$ cat data_27.cif   # mmCIF, C-alpha atoms and all ligand atoms
data_target
#
loop_
_atom_site.group_PDB
_atom_site.id
_atom_site.type_symbol
_atom_site.label_atom_id
_atom_site.label_comp_id
_atom_site.auth_asym_id
_atom_site.auth_seq_id
_atom_site.Cartn_x
_atom_site.Cartn_y
_atom_site.Cartn_z
ATOM 1 C CA MET A 1 17.539 -14.462 6.197
ATOM 2 C CA ARG A 2 17.013 -10.717 6.616
ATOM 3 C CA HIS A 3 20.365 -9.362 5.427
ATOM 4 C CA PHE A 4 23.396 -10.916 3.711
ATOM 5 C CA LEU A 5 26.391 -9.498 5.570
ATOM 6 C CA SER A 6 28.583 -12.460 6.478
ATOM 7 C CA LEU A 7 28.469 -16.214 5.976
ATOM 8 C CA VAL A 8 28.790 -16.526 9.752
ATOM 9 C CA ASP A 9 25.115 -15.535 9.886
ATOM 10 C CA THR A 10 24.159 -17.958 7.094
ATOM 11 C CA SER A 11 23.541 -21.586 8.109
ATOM 12 C CA SER A 12 24.750 -24.518 6.007
ATOM 13 C CA GLN A 13 21.154 -25.148 5.013
ATOM 14 C CA GLU A 14 20.597 -21.524 3.945
ATOM 15 C CA LEU A 15 23.854 -21.544 2.001
ATOM 16 C CA ASN A 16 22.911 -24.770 0.233
ATOM 17 C CA GLU A 17 19.494 -23.312 -0.566
ATOM 18 C CA LEU A 18 21.134 -20.188 -2.035
ATOM 19 C CA LEU A 19 23.431 -22.372 -4.134
ATOM 20 C CA ASN A 20 20.578 -24.518 -5.419
ATOM 21 C CA LEU A 21 18.585 -21.422 -6.291
ATOM 22 C CA ALA A 22 21.603 -19.904 -8.063
ATOM 23 C CA VAL A 23 21.968 -23.069 -10.155
ATOM 24 C CA ARG A 24 18.252 -22.994 -11.040
ATOM 25 C CA LEU A 25 18.300 -19.294 -11.946
ATOM 26 C CA LYS A 26 21.433 -19.737 -14.056
ATOM 27 C CA ILE A 27 19.878 -22.589 -16.042
ATOM 28 C CA GLU A 28 16.656 -20.598 -16.470
ATOM 29 C CA TRP A 29 18.627 -17.577 -17.720
ATOM 30 C CA GLN A 30 20.657 -19.731 -20.126
ATOM 31 C CA ARG A 31 17.428 -21.197 -21.494
ATOM 32 C CA GLY A 32 16.133 -17.788 -22.545
ATOM 33 C CA GLY A 33 15.571 -15.607 -19.493
ATOM 34 C CA ASN A 34 14.496 -15.365 -15.886
ATOM 35 C CA GLU A 35 10.962 -15.086 -14.558
ATOM 36 C CA PRO A 36 10.151 -11.494 -13.442
ATOM 37 C CA LEU A 37 10.656 -12.395 -9.776
ATOM 38 C CA LEU A 38 11.674 -8.860 -8.761
ATOM 39 C CA ALA A 39 9.289 -6.878 -10.977
ATOM 40 C CA GLY A 40 9.022 -3.306 -9.759
ATOM 41 C CA LYS A 41 11.730 -3.775 -7.114
ATOM 42 C CA VAL A 42 14.720 -1.420 -6.918
ATOM 43 C CA LEU A 43 18.137 -2.076 -5.389
ATOM 44 C CA ALA A 44 20.271 0.865 -4.247
ATOM 45 C CA MET A 45 23.979 0.179 -4.781
ATOM 46 C CA VAL A 46 26.172 2.226 -2.466
ATOM 47 C CA PHE A 47 29.901 2.253 -3.239
ATOM 48 C CA GLN A 48 32.739 3.685 -1.151
ATOM 49 C CA LYS A 49 35.312 1.969 -3.401
ATOM 50 C CA PRO A 50 35.658 1.195 -7.128
ATOM 51 C CA SER A 51 34.116 -1.920 -8.697
ATOM 52 C CA LEU A 52 33.568 -3.646 -12.017
ATOM 53 C CA ARG A 53 32.098 -7.054 -11.166
ATOM 54 C CA THR A 54 30.015 -6.145 -8.126
ATOM 55 C CA ARG A 55 28.469 -3.130 -9.757
ATOM 56 C CA VAL A 56 27.683 -4.683 -13.127
ATOM 57 C CA SER A 57 26.681 -8.145 -11.869
ATOM 58 C CA PHE A 58 24.183 -6.731 -9.356
ATOM 59 C CA ASP A 59 22.803 -4.294 -11.924
ATOM 60 C CA MET A 60 22.374 -7.014 -14.554
ATOM 61 C CA ALA A 61 20.936 -9.450 -12.013
ATOM 62 C CA MET A 62 18.227 -6.896 -11.135
ATOM 63 C CA ARG A 63 17.470 -6.227 -14.822
ATOM 64 C CA HIS A 64 17.198 -9.957 -15.625
ATOM 65 C CA LEU A 65 14.693 -10.335 -12.783
ATOM 66 C CA ALA A 66 12.650 -7.362 -14.066
ATOM 67 C CA GLY A 67 13.824 -5.054 -11.305
ATOM 68 C CA ASP A 68 16.049 -2.001 -11.399
ATOM 69 C CA ALA A 69 19.250 -0.841 -9.729
ATOM 70 C CA LEU A 70 20.466 2.582 -8.717
ATOM 71 C CA TYR A 71 24.211 3.283 -8.574
ATOM 72 C CA LEU A 72 25.390 5.679 -5.866
ATOM 73 C CA SER A 73 29.054 6.508 -6.424
ATOM 74 C CA PRO A 74 31.684 6.982 -3.687
ATOM 75 C CA ASN A 75 31.380 10.780 -3.687
ATOM 76 C CA GLU A 76 27.659 10.965 -4.183
ATOM 77 C CA ILE A 77 26.092 10.444 -0.773
ATOM 78 C CA GLY A 78 29.173 10.747 1.433
ATOM 79 C CA LEU A 79 28.423 7.766 3.677
ATOM 80 C CA GLY A 80 29.112 8.940 7.225
ATOM 81 C CA LYS A 81 30.582 12.226 5.972
ATOM 82 C CA ARG A 82 27.879 14.283 4.276
ATOM 83 C CA GLU A 83 25.262 12.465 6.314
ATOM 84 C CA SER A 84 25.257 9.873 9.071
ATOM 85 C CA ILE A 85 25.055 6.218 8.086
ATOM 86 C CA ALA A 86 21.942 5.807 10.232
ATOM 87 C CA ASP A 87 20.143 8.650 8.441
ATOM 88 C CA ILE A 88 21.185 7.442 4.975
ATOM 89 C CA SER A 89 19.931 3.980 5.860
ATOM 90 C CA ARG A 90 16.547 5.237 7.053
ATOM 91 C CA VAL A 91 16.124 7.535 4.048
ATOM 92 C CA LEU A 92 17.041 4.851 1.501
ATOM 93 C CA SER A 93 14.693 2.399 3.217
ATOM 94 C CA GLY A 94 11.825 4.716 2.307
ATOM 95 C CA TYR A 95 12.711 4.695 -1.398
ATOM 96 C CA VAL A 96 14.099 1.294 -2.359
ATOM 97 C CA ASP A 97 13.493 -2.389 -1.694
ATOM 98 C CA GLY A 98 17.068 -3.375 -0.912
ATOM 99 C CA ILE A 99 20.521 -1.875 -0.330
ATOM 100 C CA MET A 100 23.811 -3.345 -1.494
ATOM 101 C CA ALA A 101 26.854 -1.553 -0.106
ATOM 102 C CA ARG A 102 30.613 -1.733 -0.559
ATOM 103 C CA VAL A 103 32.334 -0.089 2.398
ATOM 104 C CA PHE A 104 35.758 0.321 3.936
ATOM 105 C CA GLU A 105 34.899 -0.609 7.511
ATOM 106 C CA HIS A 106 32.698 -3.607 8.201
ATOM 107 C CA LYS A 107 31.104 -1.832 11.153
ATOM 108 C CA HIS A 108 29.616 0.622 8.681
ATOM 109 C CA ILE A 109 27.674 -2.088 6.857
ATOM 110 C CA LEU A 110 26.471 -3.405 10.210
ATOM 111 C CA GLU A 111 25.280 0.097 11.064
ATOM 112 C CA LEU A 112 23.560 0.421 7.699
ATOM 113 C CA ALA A 113 21.772 -2.889 8.302
ATOM 114 C CA HIS A 114 20.878 -1.998 11.879
ATOM 115 C CA HIS A 115 18.943 1.094 10.787
ATOM 116 C CA ALA A 116 17.466 -0.286 7.545
ATOM 117 C CA SER A 117 13.934 -1.564 7.182
ATOM 118 C CA VAL A 118 14.894 -3.232 3.874
ATOM 119 C CA PRO A 119 17.461 -6.033 3.312
ATOM 120 C CA VAL A 120 21.137 -5.025 3.206
ATOM 121 C CA ILE A 121 23.732 -6.965 1.196
ATOM 122 C CA ASN A 122 27.475 -6.726 1.788
ATOM 123 C CA GLY A 123 29.227 -5.998 -1.509
ATOM 124 C CA LEU A 124 32.660 -6.168 0.203
ATOM 125 C CA SER A 125 34.052 -4.726 3.403
ATOM 126 C CA ASP A 126 37.513 -4.814 4.942
ATOM 127 C CA TYR A 127 36.337 -7.915 6.859
ATOM 128 C CA ASN A 128 34.737 -10.095 4.215
ATOM 129 C CA HIS A 129 33.153 -10.532 0.773
ATOM 130 C CA PRO A 130 30.272 -13.023 1.092
ATOM 131 C CA CYS A 131 28.838 -12.478 -2.437
ATOM 132 C CA GLN A 132 32.229 -13.393 -3.833
ATOM 133 C CA ALA A 133 32.350 -16.600 -1.776
ATOM 134 C CA LEU A 134 28.913 -17.621 -3.007
ATOM 135 C CA ALA A 135 30.068 -17.234 -6.625
ATOM 136 C CA ASP A 136 33.271 -19.103 -5.757
ATOM 137 C CA VAL A 137 31.436 -22.139 -4.406
ATOM 138 C CA LEU A 138 29.037 -22.096 -7.353
ATOM 139 C CA THR A 139 32.087 -22.248 -9.646
ATOM 140 C CA ILE A 140 33.665 -25.068 -7.621
ATOM 141 C CA LEU A 141 30.372 -26.979 -7.674
ATOM 142 C CA GLU A 142 30.115 -26.617 -11.454
ATOM 143 C CA SER A 143 33.674 -27.876 -11.861
ATOM 144 C CA PHE A 144 33.491 -30.929 -9.577
ATOM 145 C CA ASP A 145 29.751 -31.666 -9.246
ATOM 146 C CA HIS A 146 30.174 -31.844 -5.486
ATOM 147 C CA LEU A 147 31.809 -29.849 -2.688
ATOM 148 C CA VAL A 148 32.226 -32.074 0.356
ATOM 149 C CA ASP A 149 35.813 -33.232 1.002
ATOM 150 C CA LEU A 150 37.420 -31.059 -1.684
ATOM 151 C CA ASN A 151 40.668 -29.344 -0.667
ATOM 152 C CA VAL A 152 40.825 -25.579 -1.121
ATOM 153 C CA ALA A 153 44.191 -23.783 -0.937
ATOM 154 C CA PHE A 154 44.290 -20.002 -0.637
ATOM 155 C CA ILE A 155 47.686 -18.509 -1.474
ATOM 156 C CA GLY A 156 48.421 -14.962 -0.308
ATOM 157 C CA ASP A 157 46.953 -12.371 1.995
ATOM 158 C CA GLY A 158 44.652 -13.430 4.844
ATOM 159 C CA ASN A 159 42.176 -10.808 3.668
ATOM 160 C CA ASN A 160 38.425 -10.256 3.205
ATOM 161 C CA VAL A 161 38.177 -12.687 0.273
ATOM 162 C CA ALA A 162 40.103 -15.415 2.124
ATOM 163 C CA THR A 163 37.845 -14.898 5.147
ATOM 164 C CA SER A 164 34.599 -15.447 3.246
ATOM 165 C CA LEU A 165 36.054 -18.385 1.334
ATOM 166 C CA LEU A 166 37.062 -20.032 4.626
ATOM 167 C CA PHE A 167 33.577 -19.466 6.070
ATOM 168 C CA ALA A 168 32.022 -21.000 2.935
ATOM 169 C CA CYS A 169 34.339 -24.027 3.226
ATOM 170 C CA ALA A 170 33.430 -24.421 6.903
ATOM 171 C CA ARG A 171 29.719 -24.355 6.114
ATOM 172 C CA LEU A 172 29.881 -26.613 3.062
ATOM 173 C CA GLY A 173 32.448 -29.239 4.088
ATOM 174 C CA MET A 174 35.565 -28.323 2.094
ATOM 175 C CA ASN A 175 39.005 -28.531 3.706
ATOM 176 C CA PHE A 176 40.807 -25.206 3.762
ATOM 177 C CA THR A 177 44.512 -24.401 3.826
ATOM 178 C CA ILE A 178 45.969 -20.925 3.604
ATOM 179 C CA ALA A 179 49.605 -20.042 2.942
ATOM 180 C CA SER A 180 50.466 -16.480 3.848
ATOM 181 C CA PRO A 181 53.620 -14.644 4.886
ATOM 182 C CA GLU A 182 54.167 -13.841 8.549
ATOM 183 C CA GLY A 183 52.201 -10.759 9.545
ATOM 184 C CA TYR A 184 49.562 -11.324 6.866
ATOM 185 C CA ASP A 185 47.736 -14.283 8.388
ATOM 186 C CA LEU A 186 43.996 -14.576 8.649
ATOM 187 C CA PRO A 187 42.951 -12.869 11.889
ATOM 188 C CA GLN A 188 42.765 -15.205 14.896
ATOM 189 C CA ASP A 189 39.092 -14.376 15.458
ATOM 190 C CA VAL A 190 38.294 -15.421 11.877
ATOM 191 C CA LEU A 191 40.103 -18.749 12.358
ATOM 192 C CA GLY A 192 38.372 -19.280 15.716
ATOM 193 C CA CYS A 193 34.989 -18.502 14.255
ATOM 194 C CA ALA A 194 35.580 -20.835 11.285
ATOM 195 C CA LYS A 195 36.630 -23.652 13.621
ATOM 196 C CA GLU A 196 33.372 -23.272 15.497
ATOM 197 C CA MET A 197 31.397 -23.191 12.235
ATOM 198 C CA ALA A 198 33.295 -26.292 11.088
ATOM 199 C CA SER A 199 32.202 -28.347 14.099
ATOM 200 C CA GLU A 200 29.167 -29.358 12.030
ATOM 201 C CA THR A 201 31.139 -30.382 8.924
ATOM 202 C CA GLY A 202 34.417 -31.486 10.575
ATOM 203 C CA ILE A 203 36.646 -29.962 7.891
ATOM 204 C CA SER A 204 40.340 -29.400 8.435
ATOM 205 C CA ILE A 205 41.613 -25.815 8.597
ATOM 206 C CA LYS A 206 45.370 -25.376 8.182
ATOM 207 C CA THR A 207 47.682 -22.386 8.089
ATOM 208 C CA GLU A 208 51.044 -22.679 6.340
ATOM 209 C CA ARG A 209 53.933 -20.407 5.432
ATOM 210 C CA ASP A 210 55.013 -22.429 2.387
ATOM 211 C CA PRO A 211 52.688 -22.212 -0.628
ATOM 212 C CA LYS A 212 54.086 -25.536 -1.925
ATOM 213 C CA GLU A 213 52.855 -27.285 1.222
ATOM 214 C CA ALA A 214 49.466 -25.599 0.931
ATOM 215 C CA VAL A 215 48.763 -26.746 -2.633
ATOM 216 C CA LYS A 216 49.623 -30.422 -2.016
ATOM 217 C CA GLY A 217 46.470 -32.374 -2.903
ATOM 218 C CA ALA A 218 44.522 -29.150 -3.576
ATOM 219 C CA HIS A 219 41.502 -29.268 -5.877
ATOM 220 C CA VAL A 220 41.129 -25.499 -5.814
ATOM 221 C CA ILE A 221 43.963 -22.969 -5.808
ATOM 222 C CA TYR A 222 42.763 -19.477 -5.007
ATOM 223 C CA THR A 223 44.598 -16.192 -4.972
ATOM 224 C CA ASP A 224 43.780 -12.500 -4.678
ATOM 225 C CA THR A 225 45.622 -9.195 -4.916
ATOM 226 C CA TRP A 226 48.495 -8.561 -2.501
ATOM 227 C CA VAL A 227 47.246 -4.991 -1.985
ATOM 228 C CA SER A 228 43.558 -4.602 -1.223
ATOM 229 C CA MET A 229 41.611 -1.397 -1.748
ATOM 230 C CA GLY A 230 42.515 0.992 1.054
ATOM 231 C CA GLN A 231 46.037 -0.466 1.509
ATOM 232 C CA GLU A 232 47.662 1.453 -1.359
ATOM 233 C CA GLU A 233 50.214 3.076 0.959
ATOM 234 C CA GLU A 234 51.625 -0.370 1.793
ATOM 235 C CA THR A 235 52.092 -1.340 -1.868
ATOM 236 C CA LYS A 236 55.915 -1.423 -1.929
ATOM 237 C CA GLN A 237 56.231 -3.403 1.275
ATOM 238 C CA ARG A 238 53.514 -5.870 0.280
ATOM 239 C CA GLU A 239 54.864 -6.446 -3.223
ATOM 240 C CA SER A 240 58.176 -7.493 -1.752
ATOM 241 C CA VAL A 241 56.794 -9.687 1.079
ATOM 242 C CA PHE A 242 54.340 -11.537 -1.152
ATOM 243 C CA LYS A 243 56.739 -12.320 -4.046
ATOM 244 C CA PRO A 244 57.197 -15.985 -3.018
ATOM 245 C CA TYR A 245 53.393 -16.363 -2.986
ATOM 246 C CA GLN A 246 52.841 -16.093 -6.729
ATOM 247 C CA VAL A 247 50.473 -18.626 -8.284
ATOM 248 C CA ASN A 248 52.476 -19.752 -11.323
ATOM 249 C CA SER A 249 52.563 -22.949 -13.383
ATOM 250 C CA GLU A 250 55.255 -24.491 -11.176
ATOM 251 C CA LEU A 251 53.059 -24.071 -8.099
ATOM 252 C CA VAL A 252 49.927 -25.263 -9.902
ATOM 253 C CA SER A 253 51.767 -28.423 -11.063
ATOM 254 C CA ARG A 254 52.149 -29.441 -7.390
ATOM 255 C CA ALA A 255 48.376 -29.568 -6.801
ATOM 256 C CA ASP A 256 45.949 -32.359 -7.702
ATOM 257 C CA THR A 257 45.898 -32.960 -11.471
ATOM 258 C CA THR A 258 42.201 -32.005 -11.560
ATOM 259 C CA ALA A 259 42.827 -28.704 -9.735
ATOM 260 C CA ILE A 260 41.160 -25.496 -10.862
ATOM 261 C CA VAL A 261 42.503 -21.978 -10.311
ATOM 262 C CA LEU A 262 40.300 -19.177 -9.007
ATOM 263 C CA HIS A 263 40.843 -15.441 -8.491
ATOM 264 C CA CYS A 264 38.142 -12.993 -7.452
ATOM 265 C CA LEU A 265 39.649 -10.337 -9.797
ATOM 266 C CA PRO A 266 40.840 -7.694 -10.490
ATOM 267 C CA ALA A 267 44.109 -9.592 -11.122
ATOM 268 C CA HIS A 268 47.566 -8.105 -11.069
ATOM 269 C CA ARG A 269 49.078 -10.306 -13.704
ATOM 270 C CA GLY A 270 52.759 -11.000 -13.124
ATOM 271 C CA GLN A 271 52.292 -10.481 -9.395
ATOM 272 C CA GLU A 272 49.930 -12.837 -7.540
ATOM 273 C CA ILE A 273 49.113 -14.771 -10.724
ATOM 274 C CA THR A 274 50.974 -15.306 -13.994
ATOM 275 C CA ASP A 275 49.378 -14.902 -17.425
ATOM 276 C CA ASP A 276 49.842 -18.553 -18.348
ATOM 277 C CA VAL A 277 47.936 -19.669 -15.248
ATOM 278 C CA ALA A 278 45.207 -17.006 -15.462
ATOM 279 C CA ASP A 279 44.597 -17.890 -19.128
ATOM 280 C CA GLY A 280 45.485 -21.595 -18.854
ATOM 281 C CA PRO A 281 43.275 -24.688 -18.997
ATOM 282 C CA GLN A 282 42.884 -24.950 -15.229
ATOM 283 C CA SER A 283 41.719 -21.356 -14.800
ATOM 284 C CA ARG A 284 38.035 -20.720 -14.112
ATOM 285 C CA ILE A 285 38.395 -17.019 -13.360
ATOM 286 C CA PHE A 286 36.007 -15.707 -15.994
ATOM 287 C CA LEU A 287 33.358 -18.312 -15.256
ATOM 288 C CA GLN A 288 33.790 -17.294 -11.611
ATOM 289 C CA ALA A 289 33.279 -13.617 -12.512
ATOM 290 C CA GLU A 290 30.126 -14.465 -14.511
ATOM 291 C CA ASN A 291 28.871 -16.545 -11.607
ATOM 292 C CA ARG A 292 28.774 -13.430 -9.426
ATOM 293 C CA MET A 293 25.638 -12.475 -11.348
ATOM 294 C CA HIS A 294 23.967 -15.877 -11.005
ATOM 295 C CA ALA A 295 24.869 -16.276 -7.337
ATOM 296 C CA GLN A 296 23.647 -12.797 -6.452
ATOM 297 C CA LYS A 297 20.331 -13.392 -8.177
ATOM 298 C CA ALA A 298 19.743 -16.076 -5.567
ATOM 299 C CA VAL A 299 20.533 -13.621 -2.764
ATOM 300 C CA LEU A 300 18.318 -10.918 -4.273
ATOM 301 C CA VAL A 301 15.356 -13.260 -4.803
ATOM 302 C CA THR A 302 15.713 -14.731 -1.320
ATOM 303 C CA LEU A 303 15.862 -11.327 0.386
ATOM 304 C CA MET A 304 13.673 -9.174 -1.847
ATOM 305 C CA GLY A 305 11.401 -11.619 -3.676
HETATM 306 N N1 LIG A 401 35.659 -9.389 -7.311
HETATM 307 C C1 LIG A 401 35.093 -8.172 -7.170
HETATM 308 O O1 LIG A 401 34.404 -7.896 -6.193
HETATM 309 O O2 LIG A 401 35.345 -7.317 -8.191
HETATM 310 P P1 LIG A 401 35.008 -5.743 -8.209
HETATM 311 O O3 LIG A 401 35.906 -5.097 -7.202
HETATM 312 O O4 LIG A 401 35.326 -5.306 -9.606
HETATM 313 O O5 LIG A 401 33.574 -5.568 -7.862
HETATM 314 N N1 LIG A 402 40.837 -8.123 -1.473
HETATM 315 C C1 LIG A 402 40.427 -7.263 -2.549
HETATM 316 C C2 LIG A 402 39.241 -7.826 -3.255
HETATM 317 C C3 LIG A 402 38.755 -7.036 -4.426
HETATM 318 C C4 LIG A 402 37.517 -7.606 -5.041
HETATM 319 C C5 LIG A 402 40.122 -5.874 -2.005
HETATM 320 O O1 LIG A 402 39.521 -5.769 -0.928
HETATM 321 O O2 LIG A 402 40.502 -4.898 -2.646
#

$ encode --input "data_27.cif" --output "structure tokens"
Amino acid sequence: MRHFLSLVDTSSQELNELLNLAVRLKIEWQRGGNEPLLAGKVLAMVFQKPSLRTRVSFDMAMRHLAGDALYLSPNEIGLGKRESIADISRVLSGYVDGIMARVFEHKHILELAHHASVPVINGLSDYNHPCQALADVLTILESFDHLVDLNVAFIGDGNNVATSLLFACARLGMNFTIASPEGYDLPQDVLGCAKEMASETGISIKTERDPKEAVKGAHVIYTDTWVSMGQEEETKQRESVFKPYQVNSELVSRADTTAIVLHCLPAHRGQEITDDVADGPQSRIFLQAENRMHAQKAVLVTLMG
């Protein structure tokens, strides 16, 4: 592994190795602290959009591993505006040991990686969110002690988070169903790519319109915002289209009795998820948020260690 940009580029074996390492590093941290595996190493964190989890979890992960992180805010370096992405990438490569970037357009992270001589990590693009998916599967693993043959139901927008979750399911042997309104489906190329990836694991991939159908037999119910960063102008339209796609207690009661509820956060309580579900016994959303830090340690150590 040279970069961590999409789970399409990560084999099942590599993904399992990352997961195992994340589990080991989490246990080590809980027992008193991590070994200084990234002593003296610095990660540059480039953000074109706001963030709580990605920013803080990467920063803390670097500190726990005896490294350091440098936050570069949306206006600071003007990715592709003040300076070309290629030049920024080459300049940063001379200073730091790794670059994590959150961008609007996925092609921009590809460009950053293309010109970098240090590892580049995708901290979310319009296409996908692989660090999130890694934390998601770590959370599922902790809840069920296994992954293969579990049923994952994503309710809502066929967006970046749904894309990475589907890729993770395809690589790790979990069945995936998504229920989204017409016009907000996962892109055909994402579904095609996942089907190819799934040829190894033989999972089922289903698309539904009815959320009730999607959660039947589900062990994991996942939702995300109806309006992703960069789509603010569509807020009114989206809030009306997605109303029937709320994850509430009635919907959760239709899933497997052991089902857990996940959300990448930030949550819009009362919209895609109700308070009683987000704070209820089946919710794992805060464990999932914490797991971003543990999962990303595995990525950082693998790429920069
Ligand atoms: N889930 C997630 O990526 O959160 P942030 O946008 O706060 O980083
Ligand atoms: N789909 C959301 C995820 C936020 C972590 C977005 O892109 O804004």

$ atom_distance --input "data_27.cif" --atom1 "atom CA of Ser125 of chain A" --atom2 "atom CA of Asn151 of chain A"
25.8 Å

$ residues_around --input "data_27.cif" --residues "segment 247-250 of chain A" --least-positions-apart "3" --cutoff "6 Å" --atoms "only C-alpha atoms" --output "number ranges by chain"
A: 253, 272-274, 277

$ residues_near_ligand --input "data_27.cif" --ligand "ligand LIG 401 (chain A)" --cutoff "7 Å" --atoms "all atoms listed in the file" --output "MDAnalysis selection string"
chainID A and resid 50:55 124 132 264:266

$ residues_around --input "data_27.cif" --residues "Lys107 of chain A" --least-positions-apart "4" --cutoff "10 Å" --atoms "all atoms listed in the file" --output "mmCIF file with C-alpha atoms, in the coordinates of the input"
data_model
loop_
_atom_site.group_PDB
_atom_site.id
_atom_site.type_symbol
_atom_site.label_atom_id
_atom_site.label_comp_id
_atom_site.auth_asym_id
_atom_site.auth_seq_id
_atom_site.Cartn_x
_atom_site.Cartn_y
_atom_site.Cartn_z
ATOM 1 C CA VAL A 103 32.334 -0.089 2.398
ATOM 2 C CA GLU A 111 25.280 0.097 11.064
ATOM 3 C CA LEU A 112 23.560 0.421 7.699
ATOM 4 C CA ALA A 113 21.772 -2.889 8.302
ATOM 5 C CA SER A 125 34.052 -4.726 3.403
ATOM 6 C CA ASP A 126 37.513 -4.814 4.942
ATOM 7 C CA TYR A 127 36.337 -7.915 6.859
#

$ resolve_selection --input "data_27.cif" --expression "the PyMOL selection byres (((chain A and resi 24) around 12) and not hetatm)" --output "VMD selection string"
chain A and resid 17 to 23 25 to 31 33 to 35 138 294 to 295 297 to 298 301

$ residues_near_point --input "data_27.cif" --point "(27.2, -11.0, 8.2)" --cutoff "9 Å" --atoms "only C-alpha atoms" --output "mmCIF file with C-alpha atoms, in the coordinates of the input"
data_model
loop_
_atom_site.group_PDB
_atom_site.id
_atom_site.type_symbol
_atom_site.label_atom_id
_atom_site.label_comp_id
_atom_site.auth_asym_id
_atom_site.auth_seq_id
_atom_site.Cartn_x
_atom_site.Cartn_y
_atom_site.Cartn_z
ATOM 1 C CA HIS A 3 20.365 -9.362 5.427
ATOM 2 C CA PHE A 4 23.396 -10.916 3.711
ATOM 3 C CA LEU A 5 26.391 -9.498 5.570
ATOM 4 C CA SER A 6 28.583 -12.460 6.478
ATOM 5 C CA LEU A 7 28.469 -16.214 5.976
ATOM 6 C CA VAL A 8 28.790 -16.526 9.752
ATOM 7 C CA ASP A 9 25.115 -15.535 9.886
ATOM 8 C CA THR A 10 24.159 -17.958 7.094
ATOM 9 C CA LEU A 110 26.471 -3.405 10.210
ATOM 10 C CA ILE A 121 23.732 -6.965 1.196
ATOM 11 C CA ASN A 122 27.475 -6.726 1.788
ATOM 12 C CA ASN A 128 34.737 -10.095 4.215
ATOM 13 C CA PRO A 130 30.272 -13.023 1.092
#

$ residues_around --input "data_27.cif" --residues "Ser180 of chain A" --least-positions-apart "2" --cutoff "7 Å" --atoms "all atoms listed in the file" --output "PyMOL selection string"
chain A and resi 155-158+178+182+184-185+208-209
